[in-house]
Each structure stands twice: as C-alpha cells, then as structure tokens.
Amino acid sequence: MDSPKTKSGLSQALLKAVERLGQGVIAGVAEIGQASLLGAESLYWLVVGRFRGQPVRLSAIIEQAMEMGIRALPIVLVMNFTIGMMLAIQGIYSLRMFGAEQQVVLGVAFSVVREFAPLITGILVAGRSGSAIAARLGTMTINQEIDALTVMGIVPVRTLVAPPLIAALVMVPLMTFLGMLVALLGASLTVRIDLGMSLSAFFHQTLDILRLIDLTHGLGKSALFALQIVLIGVVNGVSVSGGAEGVGKMTTRSVVQAISAIIVTDMVFAFILTR
C-alpha cells in the first residue's frame, strides 16, 4: 500500500505536469495568434503603406528575394536533382519485382510534383533563411533596435516583416517549380541509364500523366510553406531574451518549428487532397 505522502507526491507531480501542458498550449496558441497578426499587418502595409507615407520598399523586397531565392538556388537544385535520381532508382528497384519497371514514370512524376519538390525546397529554405530571419531579429531585439525604430516613428512590421514575407511568397514557389524540373531531369537520366528510355519519351509520358491540379497542388503548398517559414522565424526572433545564448536557442527553435510545421502541413495536404 502506498503511503498518503506518496499519493500526495504523485498528485502534485501530475498537477504540475498538467499545468506545464496547459501553459505550453496557451503559449502555442499565443504564438499562432501573433504570427497571424504579423502576417495580416504585413499585407496591410503592403496595400496601404504608400498612401500613409510608409511604403514597403521594393529595394528591400528585392534584397530579401536575392538572399532567400537566388543565393539559395544552387543547393535547392542540387538537392532536388539528387532526390529525383533517388526516386527513380528506388522506383525501378521496387517495380522490377512485378515486371512493371516501365511504370516508374508515373510514380516519379506524382511524387516529385506533388510532394518532394515542395517539401525539399521548403525544408532547405527553412534551414537557411528561416534561421537567418530569427537570428537577425533576435539580435535586433537584444540590442533594442526594434524599440528604436518604433520611437523614430517607423513601423517595424513594414520594414522587418513585410519584405521577407513578400519575397518568400514569390521566390519559394519559383524555386519549387525549378526544383520540379530539375528533379524530373535527374529521374529521366536514371531511367535512361537503367531502362534505355529516351528523355523525350520520359517527359512525354510525364506530361500525359500530370494535370494542372497536380502543379497547383505543389506550388500552393510551397507558398504556404514560405508563409510559415517567415512568420515562425519572426515570432521566434522577437521573443528572444537572455543575450547571445537566447539568440542561439531561438534560432534553433525556429528551424525545428518551421520544418515540423512544413512536414505536418504536407501530411494534411496529402490526406485531404487524396480523399
């Protein structure tokens, strides 16, 4: 028989665990609300900023587009090319057991366009650009630079959130589309080597299989991934406390949260749109 003290200790531990869980849920809901508010404010200043004398500067958007898109393009293309080859290799190996290796084009085309190109591109951008956004805003928060902008009459959302958000919404889908093409090219080279199928036959079959809805499925997800990456990076950046160590923790947290959000969103999309 457990003593009354033991039961009391277990009850207190359970209550504390429930309390921590509740606090975590409340904090998560608050962060989601903060991210939604930042996204809405960014769109607001993009539309009405010019009429209020504080436009979202095109030069800032282009600078962010260069950082998030152009400079990230080589690694995105290399990874998508590799993924395309890997899918073709595994597809041929699996289908050969049924004597249906010629059907590998079907699986590769759907997998690349609907799933892997948006997913790989989003994860790479989250690791590269999402962390940079969190680190930059975290450093500015520690140095009270964001408060200084507010005192000067400059809206921080207009200068710090809107440019990377707009740049990501444009560049991530574009990089995803290029990633699709490169992944299919990698798959076609593998199929040519293993099965002797010409590149023209591979892409002809691909175009026959794919529909416009498949392309919009992949590009739509990539735009949602871009929104998540930027807003998660911003929320973690402005929540930094504790100096340089806090910046490091929040930067890591932003990458983990962004990648987790991308994977969960991808799963939800796959579940809903394949019913």
# chains A, B, ... in the order shown; residues from 1 in each chain; ligands from 1

call {"tool": "residues_around", "arguments": {"residues": "A:Val161", "least_positions_apart": "5", "cutoff": "9 Å", "atoms": "only C-alpha atoms", "output": "JSON, numbers by chain"}}
result
{"A": [38, 39, 41, 42, 156, 166, 230, 231, 234]}

call {"tool": "residues_around", "arguments": {"residues": "A:Gln144", "least_positions_apart": "5", "cutoff": "12 Å", "atoms": "only C-alpha atoms", "output": "list of chain:residue names"}}
result
A:Leu137, A:Gly138, A:Thr139, A:Leu149, A:Thr150, A:Val151, A:Pro156, A:Val238, A:Val240, A:Ser241, A:Gly243

call {"tool": "write_last_selection", "arguments": {"atoms": "C-alpha atoms", "output": "CSV table (one decimal), in the first residue's frame"}}
result
chain,number,residue,atom,x,y,z
A,137,LEU,CA,15.5,39.9,-35.4
A,138,GLY,CA,16.8,38.3,-32.2
A,139,THR,CA,20.0,40.3,-32.3
A,149,LEU,CA,12.5,52.1,-34.8
A,150,THR,CA,9.2,52.5,-33.1
A,151,VAL,CA,10.4,55.6,-31.2
A,156,PRO,CA,8.8,47.6,-37.6
A,238,VAL,CA,11.2,39.0,-31.5
A,240,VAL,CA,14.5,36.4,-27.8
A,241,SER,CA,15.7,37.1,-24.3
A,243,GLY,CA,21.6,37.7,-24.8

call {"tool": "residues_around", "arguments": {"residues": "stretch 69-82 of chain A", "least_positions_apart": "4", "cutoff": "9 Å", "atoms": "only C-alpha atoms", "output": "VMD selection string"}}
result
chain A and resid 64 to 65 86 to 87 112 116 to 117 120 to 121 124 to 125 128 to 129 167 to 168 170 to 172 174 to 176 178 to 187

call {"tool": "write_last_selection", "arguments": {"atoms": "C-alpha atoms", "output": "PDB file, in the first residue's frame"}}
result
ATOM      1  CA  GLN A  64      15.390  39.612 -49.471  1.00  0.00           C
ATOM      2  CA  ALA A  65      14.488  37.838 -52.717  1.00  0.00           C
ATOM      3  CA  MET A  86      16.869   8.553 -55.831  1.00  0.00           C
ATOM      4  CA  LEU A  87      13.143   8.227 -56.505  1.00  0.00           C
ATOM      5  CA  VAL A 112       8.167  14.972 -57.426  1.00  0.00           C
ATOM      6  CA  PHE A 116       9.103  16.029 -52.825  1.00  0.00           C
ATOM      7  CA  ALA A 117       9.969  19.232 -54.716  1.00  0.00           C
ATOM      8  CA  ILE A 120      12.700  19.590 -50.014  1.00  0.00           C
ATOM      9  CA  THR A 121      12.662  23.226 -51.123  1.00  0.00           C
ATOM     10  CA  LEU A 124      16.118  23.927 -47.246  1.00  0.00           C
ATOM     11  CA  VAL A 125      14.705  27.456 -47.127  1.00  0.00           C
ATOM     12  CA  ARG A 128      18.862  28.567 -44.477  1.00  0.00           C
ATOM     13  CA  SER A 129      16.610  31.630 -44.465  1.00  0.00           C
ATOM     14  CA  ALA A 167       9.991  37.828 -51.136  1.00  0.00           C
ATOM     15  CA  ALA A 168       9.388  34.325 -49.763  1.00  0.00           C
ATOM     16  CA  VAL A 170       7.336  34.865 -54.642  1.00  0.00           C
ATOM     17  CA  MET A 171      10.672  33.046 -54.561  1.00  0.00           C
ATOM     18  CA  VAL A 172       9.797  29.771 -52.793  1.00  0.00           C
ATOM     19  CA  LEU A 174       9.525  29.766 -58.187  1.00  0.00           C
ATOM     20  CA  MET A 175      12.341  27.689 -56.699  1.00  0.00           C
ATOM     21  CA  THR A 176       9.909  24.832 -56.192  1.00  0.00           C
ATOM     22  CA  LEU A 178      12.587  24.887 -60.930  1.00  0.00           C
ATOM     23  CA  GLY A 179      13.182  22.092 -58.412  1.00  0.00           C
ATOM     24  CA  MET A 180      10.412  20.059 -60.056  1.00  0.00           C
ATOM     25  CA  LEU A 181      12.045  20.398 -63.470  1.00  0.00           C
ATOM     26  CA  VAL A 182      15.499  19.509 -62.175  1.00  0.00           C
ATOM     27  CA  ALA A 183      14.198  16.539 -60.151  1.00  0.00           C
ATOM     28  CA  LEU A 184      12.397  15.194 -63.223  1.00  0.00           C
ATOM     29  CA  LEU A 185      15.589  15.680 -65.228  1.00  0.00           C
ATOM     30  CA  GLY A 186      17.558  13.649 -62.676  1.00  0.00           C
ATOM     31  CA  ALA A 187      14.898  10.931 -62.757  1.00  0.00           C
TER      32      ALA A 187
END

call {"tool": "closest_atom_pairs", "arguments": {"of": "stretch 193-243 of chain A", "to": "stretch 250-263 of chain A", "cutoff": "10 Å", "atoms": "only C-alpha atoms", "output": "tab-separated table"}}
result
residue	atom	partner	partner_atom	distance
A:Lys221	CA	A:Ile262	CA	8.9
A:Ser222	CA	A:Ile262	CA	9.1
A:Leu224	CA	A:Ile262	CA	8.6
A:Phe225	CA	A:Ile262	CA	5.9
A:Ala226	CA	A:Ile262	CA	9.2
A:Leu227	CA	A:Ala258	CA	9.9
A:Gln228	CA	A:Ala258	CA	6.5
A:Ile229	CA	A:Ala258	CA	5.4
A:Val230	CA	A:Ala258	CA	8.7
A:Leu231	CA	A:Ala258	CA	9.1
A:Ile232	CA	A:Ser254	CA	6.0
A:Gly233	CA	A:Ser254	CA	5.3
A:Val234	CA	A:Ser254	CA	8.6
A:Val235	CA	A:Ser254	CA	8.4
A:Asn236	CA	A:Met250	CA	5.6
A:Gly237	CA	A:Met250	CA	6.6
A:Val238	CA	A:Met250	CA	9.3
A:Ser239	CA	A:Met250	CA	7.8
A:Val240	CA	A:Met250	CA	6.3
A:Ser241	CA	A:Met250	CA	8.9

call {"tool": "closest_residue", "arguments": {"among": "A:Gly122, A:Leu210, A:Gln102, A:Ile89", "to": "A:Gly196", "atoms": "only C-alpha atoms"}}
result
A:Gln102

call {"tool": "residues_around", "arguments": {"residues": "A:Val56", "least_positions_apart": "4", "cutoff": "8 Å", "atoms": "only C-alpha atoms", "output": "short mmCIF file (atom, residue, chain, number, x, y, z; two decimals) with N, CA and C atoms, in the first residue's frame"}}
result
data_model
loop_
_atom_site.label_atom_id
_atom_site.label_comp_id
_atom_site.auth_asym_id
_atom_site.auth_seq_id
_atom_site.Cartn_x
_atom_site.Cartn_y
_atom_site.Cartn_z
N TRP A 45 0.27 46.83 -44.63
CA TRP A 45 1.23 47.87 -45.01
C TRP A 45 1.64 47.75 -46.47
N LEU A 46 1.60 46.56 -47.02
CA LEU A 46 1.88 46.41 -48.45
C LEU A 46 0.83 47.13 -49.29
N GLY A 49 0.44 51.14 -47.25
CA GLY A 49 1.63 51.86 -46.81
C GLY A 49 1.96 53.07 -47.66
N ARG A 50 1.78 52.93 -48.97
CA ARG A 50 2.11 54.05 -49.87
C ARG A 50 1.21 55.25 -49.61
N ALA A 60 14.03 46.69 -50.62
CA ALA A 60 14.13 45.74 -49.50
C ALA A 60 13.59 44.37 -49.91
N ILE A 61 12.50 44.35 -50.69
CA ILE A 61 11.94 43.08 -51.15
C ILE A 61 12.92 42.38 -52.09
N ARG A 158 6.53 46.88 -41.15
CA ARG A 158 6.69 47.31 -42.54
C ARG A 158 8.12 47.11 -43.04
N THR A 159 9.09 47.32 -42.18
CA THR A 159 10.50 47.25 -42.62
C THR A 159 11.15 45.90 -42.37
N ALA A 162 7.41 42.56 -43.60
CA ALA A 162 6.78 42.55 -44.92
C ALA A 162 7.75 42.20 -46.06
N PRO A 163 8.96 42.79 -46.11
CA PRO A 163 9.86 42.45 -47.24
C PRO A 163 10.21 40.97 -47.32
#

call {"tool": "closest_residue", "arguments": {"among": "A:Gly91, A:Leu212, A:Phe203, A:Ile193", "to": "A:Ser111", "atoms": "only C-alpha atoms"}}
result
A:Gly91

call {"tool": "decode", "arguments": {"residues": "stretch 43-56 of chain A", "atoms": "all heavy atoms", "output": "PDB file, in the first residue's frame"}}
result
ATOM      1  N   LEU A  43       0.520  42.435 -44.880  1.00  0.00           N
ATOM      2  CA  LEU A  43      -0.322  42.655 -46.058  1.00  0.00           C
ATOM      3  C   LEU A  43      -0.976  44.032 -46.014  1.00  0.00           C
ATOM      4  O   LEU A  43      -1.136  44.686 -47.057  1.00  0.00           O
ATOM      5  CB  LEU A  43      -1.386  41.558 -46.142  1.00  0.00           C
ATOM      6  CG  LEU A  43      -0.857  40.133 -46.359  1.00  0.00           C
ATOM      7  CD1 LEU A  43      -1.992  39.134 -46.373  1.00  0.00           C
ATOM      8  CD2 LEU A  43      -0.053  40.042 -47.663  1.00  0.00           C
ATOM      9  N   TYR A  44      -1.341  44.473 -44.801  1.00  0.00           N
ATOM     10  CA  TYR A  44      -1.948  45.797 -44.653  1.00  0.00           C
ATOM     11  C   TYR A  44      -0.981  46.885 -45.119  1.00  0.00           C
ATOM     12  O   TYR A  44      -1.357  47.768 -45.904  1.00  0.00           O
ATOM     13  CB  TYR A  44      -2.340  46.014 -43.194  1.00  0.00           C
ATOM     14  CG  TYR A  44      -2.772  47.433 -42.874  1.00  0.00           C
ATOM     15  CD1 TYR A  44      -4.056  47.859 -43.165  1.00  0.00           C
ATOM     16  CD2 TYR A  44      -1.880  48.338 -42.285  1.00  0.00           C
ATOM     17  CE1 TYR A  44      -4.458  49.157 -42.881  1.00  0.00           C
ATOM     18  CE2 TYR A  44      -2.265  49.629 -41.997  1.00  0.00           C
ATOM     19  CZ  TYR A  44      -3.555  50.036 -42.290  1.00  0.00           C
ATOM     20  OH  TYR A  44      -3.946  51.330 -42.018  1.00  0.00           O
ATOM     21  N   TRP A  45       0.270  46.833 -44.634  1.00  0.00           N
ATOM     22  CA  TRP A  45       1.232  47.865 -45.010  1.00  0.00           C
ATOM     23  C   TRP A  45       1.635  47.748 -46.469  1.00  0.00           C
ATOM     24  O   TRP A  45       1.980  48.751 -47.100  1.00  0.00           O
ATOM     25  CB  TRP A  45       2.461  47.794 -44.108  1.00  0.00           C
ATOM     26  CG  TRP A  45       2.188  48.351 -42.744  1.00  0.00           C
ATOM     27  CD1 TRP A  45       2.027  47.667 -41.590  1.00  0.00           C
ATOM     28  CD2 TRP A  45       2.004  49.734 -42.419  1.00  0.00           C
ATOM     29  NE1 TRP A  45       1.745  48.514 -40.557  1.00  0.00           N
ATOM     30  CE2 TRP A  45       1.725  49.799 -41.031  1.00  0.00           C
ATOM     31  CE3 TRP A  45       2.036  50.909 -43.151  1.00  0.00           C
ATOM     32  CZ2 TRP A  45       1.498  50.995 -40.384  1.00  0.00           C
ATOM     33  CZ3 TRP A  45       1.802  52.114 -42.493  1.00  0.00           C
ATOM     34  CH2 TRP A  45       1.539  52.152 -41.124  1.00  0.00           C
ATOM     35  N   LEU A  46       1.597  46.556 -47.023  1.00  0.00           N
ATOM     36  CA  LEU A  46       1.883  46.406 -48.451  1.00  0.00           C
ATOM     37  C   LEU A  46       0.835  47.128 -49.289  1.00  0.00           C
ATOM     38  O   LEU A  46       1.162  47.745 -50.317  1.00  0.00           O
ATOM     39  CB  LEU A  46       1.913  44.915 -48.817  1.00  0.00           C
ATOM     40  CG  LEU A  46       2.181  44.595 -50.291  1.00  0.00           C
ATOM     41  CD1 LEU A  46       3.600  44.994 -50.685  1.00  0.00           C
ATOM     42  CD2 LEU A  46       1.944  43.110 -50.568  1.00  0.00           C
ATOM     43  N   VAL A  47      -0.420  47.087 -48.843  1.00  0.00           N
ATOM     44  CA  VAL A  47      -1.512  47.691 -49.617  1.00  0.00           C
ATOM     45  C   VAL A  47      -1.635  49.190 -49.342  1.00  0.00           C
ATOM     46  O   VAL A  47      -1.723  49.993 -50.275  1.00  0.00           O
ATOM     47  CB  VAL A  47      -2.842  46.970 -49.295  1.00  0.00           C
ATOM     48  CG1 VAL A  47      -4.015  47.681 -49.991  1.00  0.00           C
ATOM     49  CG2 VAL A  47      -2.778  45.515 -49.726  1.00  0.00           C
ATOM     50  N   VAL A  48      -1.648  49.584 -48.069  1.00  0.00           N
ATOM     51  CA  VAL A  48      -1.955  50.978 -47.725  1.00  0.00           C
ATOM     52  C   VAL A  48      -0.729  51.786 -47.330  1.00  0.00           C
ATOM     53  O   VAL A  48      -0.846  52.987 -47.091  1.00  0.00           O
ATOM     54  CB  VAL A  48      -2.999  51.035 -46.589  1.00  0.00           C
ATOM     55  CG1 VAL A  48      -4.225  50.220 -46.943  1.00  0.00           C
ATOM     56  CG2 VAL A  48      -2.397  50.562 -45.267  1.00  0.00           C
ATOM     57  N   GLY A  49       0.439  51.138 -47.255  1.00  0.00           N
ATOM     58  CA  GLY A  49       1.628  51.863 -46.812  1.00  0.00           C
ATOM     59  C   GLY A  49       1.962  53.069 -47.663  1.00  0.00           C
ATOM     60  O   GLY A  49       2.347  54.125 -47.147  1.00  0.00           O
ATOM     61  N   ARG A  50       1.784  52.930 -48.971  1.00  0.00           N
ATOM     62  CA  ARG A  50       2.114  54.053 -49.866  1.00  0.00           C
ATOM     63  C   ARG A  50       1.209  55.249 -49.606  1.00  0.00           C
ATOM     64  O   ARG A  50       1.641  56.404 -49.721  1.00  0.00           O
ATOM     65  CB  ARG A  50       1.983  53.590 -51.313  1.00  0.00           C
ATOM     66  CG  ARG A  50       2.412  54.620 -52.345  1.00  0.00           C
ATOM     67  CD  ARG A  50       2.422  54.021 -53.732  1.00  0.00           C
ATOM     68  NE  ARG A  50       3.360  52.914 -53.806  1.00  0.00           N
ATOM     69  CZ  ARG A  50       4.665  53.062 -54.001  1.00  0.00           C
ATOM     70  NH1 ARG A  50       5.182  54.290 -54.123  1.00  0.00           N
ATOM     71  NH2 ARG A  50       5.448  52.021 -54.069  1.00  0.00           N
ATOM     72  N   PHE A  51      -0.040  54.985 -49.269  1.00  0.00           N
ATOM     73  CA  PHE A  51      -0.979  56.085 -49.030  1.00  0.00           C
ATOM     74  C   PHE A  51      -0.746  56.743 -47.678  1.00  0.00           C
ATOM     75  O   PHE A  51      -1.202  57.865 -47.445  1.00  0.00           O
ATOM     76  CB  PHE A  51      -2.417  55.567 -49.109  1.00  0.00           C
ATOM     77  CG  PHE A  51      -2.735  54.909 -50.419  1.00  0.00           C
ATOM     78  CD1 PHE A  51      -2.795  53.528 -50.527  1.00  0.00           C
ATOM     79  CD2 PHE A  51      -2.956  55.660 -51.568  1.00  0.00           C
ATOM     80  CE1 PHE A  51      -3.078  52.914 -51.728  1.00  0.00           C
ATOM     81  CE2 PHE A  51      -3.240  55.061 -52.771  1.00  0.00           C
ATOM     82  CZ  PHE A  51      -3.302  53.680 -52.858  1.00  0.00           C
ATOM     83  N   ARG A  52      -0.052  56.044 -46.773  1.00  0.00           N
ATOM     84  CA  ARG A  52       0.214  56.599 -45.444  1.00  0.00           C
ATOM     85  C   ARG A  52       1.648  57.106 -45.322  1.00  0.00           C
ATOM     86  O   ARG A  52       2.108  57.429 -44.227  1.00  0.00           O
ATOM     87  CB  ARG A  52      -0.053  55.542 -44.372  1.00  0.00           C
ATOM     88  CG  ARG A  52      -1.512  55.086 -44.342  1.00  0.00           C
ATOM     89  CD  ARG A  52      -1.804  54.214 -43.149  1.00  0.00           C
ATOM     90  NE  ARG A  52      -1.488  54.886 -41.882  1.00  0.00           N
ATOM     91  CZ  ARG A  52      -1.701  54.353 -40.689  1.00  0.00           C
ATOM     92  NH1 ARG A  52      -2.237  53.137 -40.592  1.00  0.00           N
ATOM     93  NH2 ARG A  52      -1.382  55.003 -39.595  1.00  0.00           N
ATOM     94  N   GLY A  53       2.351  57.163 -46.437  1.00  0.00           N
ATOM     95  CA  GLY A  53       3.712  57.701 -46.439  1.00  0.00           C
ATOM     96  C   GLY A  53       4.761  56.746 -45.928  1.00  0.00           C
ATOM     97  O   GLY A  53       5.906  57.159 -45.683  1.00  0.00           O
ATOM     98  N   GLN A  54       4.427  55.468 -45.760  1.00  0.00           N
ATOM     99  CA  GLN A  54       5.391  54.457 -45.305  1.00  0.00           C
ATOM    100  C   GLN A  54       5.248  53.200 -46.177  1.00  0.00           C
ATOM    101  O   GLN A  54       4.773  52.166 -45.714  1.00  0.00           O
ATOM    102  CB  GLN A  54       5.175  54.101 -43.832  1.00  0.00           C
ATOM    103  CG  GLN A  54       5.494  55.241 -42.878  1.00  0.00           C
ATOM    104  CD  GLN A  54       5.688  54.742 -41.453  1.00  0.00           C
ATOM    105  OE1 GLN A  54       6.392  53.771 -41.201  1.00  0.00           O
ATOM    106  NE2 GLN A  54       5.067  55.417 -40.499  1.00  0.00           N
ATOM    107  N   PRO A  55       5.655  53.291 -47.421  1.00  0.00           N
ATOM    108  CA  PRO A  55       5.502  52.133 -48.310  1.00  0.00           C
ATOM    109  C   PRO A  55       6.506  51.032 -47.980  1.00  0.00           C
ATOM    110  O   PRO A  55       7.558  51.283 -47.377  1.00  0.00           O
ATOM    111  CB  PRO A  55       5.790  52.726 -49.700  1.00  0.00           C
ATOM    112  CG  PRO A  55       6.738  53.851 -49.418  1.00  0.00           C
ATOM    113  CD  PRO A  55       6.294  54.433 -48.091  1.00  0.00           C
ATOM    114  N   VAL A  56       6.145  49.811 -48.347  1.00  0.00           N
ATOM    115  CA  VAL A  56       7.099  48.705 -48.268  1.00  0.00           C
ATOM    116  C   VAL A  56       8.045  48.857 -49.451  1.00  0.00           C
ATOM    117  O   VAL A  56       7.625  48.787 -50.610  1.00  0.00           O
ATOM    118  CB  VAL A  56       6.368  47.341 -48.338  1.00  0.00           C
ATOM    119  CG1 VAL A  56       7.367  46.201 -48.302  1.00  0.00           C
ATOM    120  CG2 VAL A  56       5.378  47.223 -47.183  1.00  0.00           C
TER     121      VAL A  56
END
